[in-house]
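A.B. asks: Submitted below is the structure of interest, expressed as structure tokens.
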Amino acid sequence: MEPGDHLFRREAGRMVAALTRLFGVHNLDLAEDVVQDAFCRALEVWKLRGVPENPSAWLMATAKNRALDILRRERTARRYAPELGRLLESEWTLSPVVNEAFSASAIRDDQLRMMFSCCHPQLPEVAQVALILHILCGFGVNEIAAAFLTRSAAMEKRIARGKSVLASSARLFDLAEERELPKRLSAVQRALYLLFSEGYHGAHSQLAVRADLCREAMHLCNLLLEQPLTATPESYALEALMCLDAARLPARVDASGNLSSLYDQDRTLWDAALIAKGEELLDRSATGTHVSEYHIEAAIASVHARAQSAAGTRWDTIVGLYDTLLTIRPSPIVALNRAIAIAQLRGPAHGLEEIAAIADSARLADYPFYFAALGELELQRGHDEVAHEHFLAAGKLARNPMERRFFQQRVDACDRAPAEETPTS
Amino acid sequence: MSEFLYLYRGGDSSGTPEQMQKHMQKWVDWLKELGTKGHLKDQGNPLERTGKVVKGRKAISDGPFAEAKDIVGGYTLVEAKDIAQAADLSVGCPIFDTGGFVEVRPIMKM
């Protein structure tokens with residue numbers, strides 16, 4: 001087991017998926033108990049005897065044996081998976097069915113079904129994301145609350161409610177249900193997009209925590225690509241977008257732990273392998289007639305990835321892409337990003353005009369990077385004092401110490417009189 | 001050098017998967033360190049929390065035999081200069097993170 005490998009977390013999701021297939025989704029609690037049990041045993045044995053050659057197989061075998069015990073002992077006491085019903089009642093069919101549920105391909109299918117079940121229309125999007133993190137990614141309630149900067153009690157409630165919605169459904173979502181699939185698939189894609197964004201743009205100050213969220217989102221999206229029914233052009237575009245954005249993660253914080261904007265990042269730190277993978281996925285997403293928001297966002301990320309520098313970026317292309325994105329998913333944040341791109345293309349005054357024209361800009365009042373954008377453009381056109389005020393406002397809205405430091409540095413930059421500024425090479 | 005038995009008693013190591021994995025890793029690292037320093041005689045074994053208590057042919061009963069916080073969960077055989085050093089070496093044991101404790105017992109010599 002490599003250090004930094006989140007084996008337990010990863011296997012938690014796989015075991016729950018297999019066990020839920022056997023016990024039925026209404027017995028989700030029981031499945032989680034069995035998983036906890038398997039980890040306890042692993043911990044007891046491994047801590048003294050060392051980690052086995054194939055830890056994943058060890059865990060699966062432990063969970064499988066425990067499942068067999070429970071199914072044998074409580075066969076009449078509980079009602080298990082209705083789909084498997086009688087197969088679980090006879091000793092002749094029990095073992096093969098349990099073995100099958102723990103095969104790699106069955107686990108993958110069940111993880112997908114679980115993911116689709118978590119995106120139940122009765123649940124708000126943020127609850128869907130939390131539930132996915134909890135059930136499929138093995139995150140504890142406190143860990144999710146910390147990552148989302150929410151109080152644990154509130155997160156606990158949200159997840160409990162999500163689980164009860166899940167448990168009240170007769171069975172896991174069936175991917176073969178053609179009528180429901182497209183709608184639910186887009187909910188799943190949205191949840192994964194939100195999960196990724198929480199990691200990429202989120203408020204948590206530890207980059208490691210946020211990179212975790214990004215990695216989980218990419219991993220789950222990859223599951224969509226492995227199943228023909230869910231490997232749609234949108235799914236490819238979404239995974240492309242995640243790869244291309246995640247490629248920039250290593251450069252988002254500089255050597256001294258300070259936030260680094262896209263314009264100042266050391267582009268040699270961008271992950272070339274992820275960029276290549278993202279470009280390939282983006283190519284594969286270019287089928288069909290529907291252009292989704294994920295296609296557009298991936299295309300934008302791709303333009304950035306191919307640029308040697310901020311100045312050498314095809315801002316004209318990016319502005320065009322944002323125009324399209326605004327028609328697909330209008331939002332003040334998209335409009336703000338478009339305005340910033342226009343400023344790059346035509347100068348700060350134009351950018352500021354565009355920002356002033358954002359329709360529902362009131363929704364940006366809590367967004368620190370709204371004020372940072374205003375500050376940046378005012379600074380560029382020489383209105384240092386106005387810029388100073390904007391960066392102060394951004395600093396007040398900062399969500400963590402790293403952001404606060406970043407905005408303070410911009411405030412300081414405004415205070416440096418231009419005459420004193422040393423010419424940069 | 002003399003031999004000592006570490007008896008690991010109690011400790012609740014349940015938690016989130018990530019916490020449990022980290023805790024397990026601490027144990028592995030700690031034992032490895034004991035080994036590198038030349039104190040590890042036998043890494044020992046974990047013990048099931050239940051069993052039988054036998055007090056004669058007609059007096060066999062199910063465990064547990066003690067309160068959960070005192071149950072022996074495993075053992076390790078170490079080598080140390082004296083009991084003071086053996087006790088010192090056990091201070092780094094990750095069991096203290098989970099509310100358990102280590103009992104250090106000298107092995108009687110022939």
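Labeling convention for the structure tokens: chains A, B, ... as they appear, residues from 1 per chain, ligands from 1 in order of appearance.
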Could you list, with a cut-off of 9 Å and counting only C-alpha atoms, the residues of chain B near chain A, each shown with its nearest atom pair and the distance in Å rounded to one decimal, rows sorted by chain and ascending number, as a tab-separated table?

C.D. replies:
residue	atom	partner	partner_atom	distance
B:Ser13	CA	A:Cys40	CA	7.1
B:Ser14	CA	A:Cys40	CA	6.4
B:Gly15	CA	A:Gly140	CA	8.1
B:Thr16	CA	A:Gly140	CA	5.1
B:Pro17	CA	A:Phe8	CA	5.1
B:Glu18	CA	A:Arg9	CA	5.9
B:Met20	CA	A:Leu43	CA	7.0
B:Gln21	CA	A:Phe8	CA	6.1
B:His23	CA	A:Leu43	CA	8.0
B:Met24	CA	A:Lys47	CA	5.3
B:Gln25	CA	A:Lys47	CA	7.2
B:Lys26	CA	A:Lys47	CA	8.1
B:Trp27	CA	A:Lys47	CA	5.2
B:Val28	CA	A:Lys47	CA	5.4
B:Leu31	CA	A:Leu48	CA	7.7
B:Gln43	CA	A:Leu48	CA	6.1
B:Gly44	CA	A:Leu48	CA	6.6
B:Asn45	CA	A:Leu48	CA	6.1
B:Pro46	CA	A:Val45	CA	5.7
B:Leu47	CA	A:Glu44	CA	8.4
B:Gly73	CA	A:Glu44	CA	7.9
B:Gly74	CA	A:Leu48	CA	8.1
B:Tyr75	CA	A:Leu48	CA	8.5
B:Thr76	CA	A:Leu48	CA	8.1

A.B. asks: In chain B, what's strand (DSSP E) per DSSP? Answer as a PyMOL selection string?

C.D. replies: chain B and resi 2-9+40-46+52-54+60-62+72-80+101-106

A.B. asks: Chain B: which residues are alpha helix (DSSP H) by DSSP, as a PyMOL selection string?

C.D. replies: chain B and resi 17-36+83-90

A.B. asks: Any chance you could export the current selection's N, CA, C and O atoms as a compact mmCIF listing (two decimals), in the first residue's frame?

C.D. replies:
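Written out: selection12.txt:
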# COMPACT_ATOMS: atom_id res chain seq x y z
N PRO B 17 -13.31 5.58 7.38
CA PRO B 17 -12.29 4.76 6.71
C PRO B 17 -10.92 5.41 6.70
O PRO B 17 -9.91 4.76 6.97
N GLU B 18 -10.90 6.73 6.44
CA GLU B 18 -9.62 7.44 6.37
C GLU B 18 -8.91 7.43 7.72
O GLU B 18 -7.71 7.18 7.80
N GLN B 19 -9.68 7.68 8.78
CA GLN B 19 -9.08 7.68 10.13
C GLN B 19 -8.53 6.30 10.47
O GLN B 19 -7.45 6.18 11.05
N MET B 20 -9.29 5.26 10.11
CA MET B 20 -8.87 3.91 10.46
C MET B 20 -7.60 3.52 9.70
O MET B 20 -6.70 2.89 10.22
N GLN B 21 -7.57 3.93 8.42
CA GLN B 21 -6.38 3.61 7.64
C GLN B 21 -5.15 4.33 8.22
O GLN B 21 -4.07 3.74 8.33
N LYS B 22 -5.35 5.57 8.60
CA LYS B 22 -4.22 6.33 9.16
C LYS B 22 -3.76 5.70 10.47
O LYS B 22 -2.56 5.62 10.74
N HIS B 23 -4.73 5.25 11.28
CA HIS B 23 -4.40 4.64 12.56
C HIS B 23 -3.61 3.34 12.33
O HIS B 23 -2.61 3.08 12.99
N MET B 24 -4.08 2.56 11.37
CA MET B 24 -3.40 1.31 11.05
C MET B 24 -1.96 1.58 10.62
O MET B 24 -1.01 0.91 11.05
N GLN B 25 -1.81 2.63 9.79
CA GLN B 25 -0.49 2.97 9.29
C GLN B 25 0.46 3.35 10.45
O GLN B 25 1.64 3.01 10.44
N LYS B 26 -0.09 4.01 11.46
CA LYS B 26 0.72 4.39 12.62
C LYS B 26 1.29 3.15 13.32
O LYS B 26 2.45 3.15 13.74
N TRP B 27 0.44 2.14 13.45
CA TRP B 27 0.90 0.89 14.08
C TRP B 27 2.02 0.26 13.27
O TRP B 27 3.04 -0.15 13.81
N VAL B 28 1.79 0.19 11.97
CA VAL B 28 2.79 -0.43 11.10
C VAL B 28 4.13 0.31 11.23
O VAL B 28 5.19 -0.30 11.37
N ASP B 29 4.04 1.65 11.23
CA ASP B 29 5.26 2.46 11.34
C ASP B 29 5.94 2.26 12.70
O ASP B 29 7.16 2.17 12.79
N TRP B 30 5.12 2.20 13.75
CA TRP B 30 5.67 2.06 15.09
C TRP B 30 6.41 0.73 15.26
O TRP B 30 7.54 0.69 15.75
N LEU B 31 5.78 -0.35 14.80
CA LEU B 31 6.42 -1.67 14.91
C LEU B 31 7.68 -1.73 14.06
O LEU B 31 8.68 -2.33 14.44
N LYS B 32 7.60 -1.07 12.91
CA LYS B 32 8.76 -1.05 12.02
C LYS B 32 9.93 -0.36 12.72
O LYS B 32 11.07 -0.84 12.68
N GLU B 33 9.63 0.72 13.41
CA GLU B 33 10.65 1.45 14.12
C GLU B 33 11.26 0.59 15.25
O GLU B 33 12.49 0.55 15.41
N LEU B 34 10.39 -0.13 15.98
CA LEU B 34 10.90 -1.03 17.01
C LEU B 34 11.85 -2.05 16.41
O LEU B 34 12.89 -2.39 16.98
N GLY B 35 11.47 -2.55 15.23
CA GLY B 35 12.28 -3.55 14.54
C GLY B 35 13.63 -2.99 14.13
O GLY B 35 14.68 -3.61 14.34
N THR B 36 13.61 -1.78 13.55
CA THR B 36 14.87 -1.17 13.10
C THR B 36 15.82 -0.94 14.27
O THR B 36 17.03 -1.03 14.12
N ILE B 83 13.13 -3.47 32.37
CA ILE B 83 11.70 -3.15 32.30
C ILE B 83 11.46 -1.67 32.07
O ILE B 83 10.51 -1.28 31.39
N ALA B 84 12.36 -0.84 32.60
CA ALA B 84 12.19 0.60 32.40
C ALA B 84 12.28 0.95 30.92
O ALA B 84 11.47 1.71 30.39
N GLN B 85 13.27 0.35 30.24
CA GLN B 85 13.40 0.63 28.81
C GLN B 85 12.21 0.06 28.03
O GLN B 85 11.70 0.70 27.11
N ALA B 86 11.78 -1.14 28.42
CA ALA B 86 10.63 -1.76 27.74
C ALA B 86 9.40 -0.87 27.86
O ALA B 86 8.65 -0.68 26.89
N ALA B 87 9.20 -0.32 29.04
CA ALA B 87 8.05 0.56 29.25
C ALA B 87 8.20 1.84 28.42
O ALA B 87 7.26 2.30 27.77
N ASP B 88 9.42 2.39 28.41
CA ASP B 88 9.69 3.59 27.62
C ASP B 88 9.38 3.38 26.14
O ASP B 88 8.80 4.24 25.48
N LEU B 89 9.81 2.22 25.64
CA LEU B 89 9.61 1.93 24.22
C LEU B 89 8.14 1.84 23.85
O LEU B 89 7.76 2.09 22.71
N SER B 90 7.30 1.47 24.82
CA SER B 90 5.87 1.30 24.50
C SER B 90 5.14 2.64 24.47
O SER B 90 3.99 2.71 24.04

A.B. asks: Show me, as a list in words, the residues that have an atom within 12 Å of A:Val253 when counting only C-alpha atoms, minus same-chain residues fewer than 2 positions from it.

C.D. replies: Tyr200, Ser205, Gln206, Leu207, Ala208, Ala211, Arg248, Leu249, Pro250, Ala251, Ala255, Ser256, Gly257, Asn258, Leu259, Ser260, Ser261, Leu262, Asp264, Gln265, Asp266, Arg267, Leu269, Trp270, Met402, Glu403, Arg405 and Phe406 of chain A

A.B. asks: I'd like the interatomic distance between atom CA of A:Ala101 and atom CA of A:Asn222, to a tenth of an Å.

C.D. replies: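 Going from atom CA of A:Ala101 over to atom CA of A:Asn222, I get 20.7 Å.
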
A.B. asks: Figure out the distance between atom CA of B:Glu3 and atom CA of B:Ile95, please, to one decimal in Å.

C.D. replies: 20.8 Å

A.B. asks: Do you have the atom CA of B:Leu40-atom CA of B:Arg9 distance handy?

C.D. replies: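 These atoms are spaced 19.0 Å apart.
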
A.B. asks: Compile the contact shell of A:Leu84 as a list in words: residues with an atom at most 9 Å away, counting only C-alpha atoms, same-chain residues fewer than 6 positions apart removed.

C.D. replies: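 What passes the distance filter is Arg21, Leu22, Gly24 and Val97 of chain A.
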
A.B. asks: Out of B:Met110, B:Leu77, B:Ala59, B:Val72, which residue has the shortest atom-to-atom distance to B:Gly10 when counting only C-alpha atoms?

C.D. replies: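 With only C-alpha atoms as the atom set, the closest residue is B:Val72.
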
A.B. asks: If we count only C-alpha atoms and set the cut-off at 8 Å, which residues sit around A:Ala394, ignoring sequence neighbours fewer than 6 positions away in its own chain? Please answer as a ChimeraX atom specification.

C.D. replies: /A:367-372,407
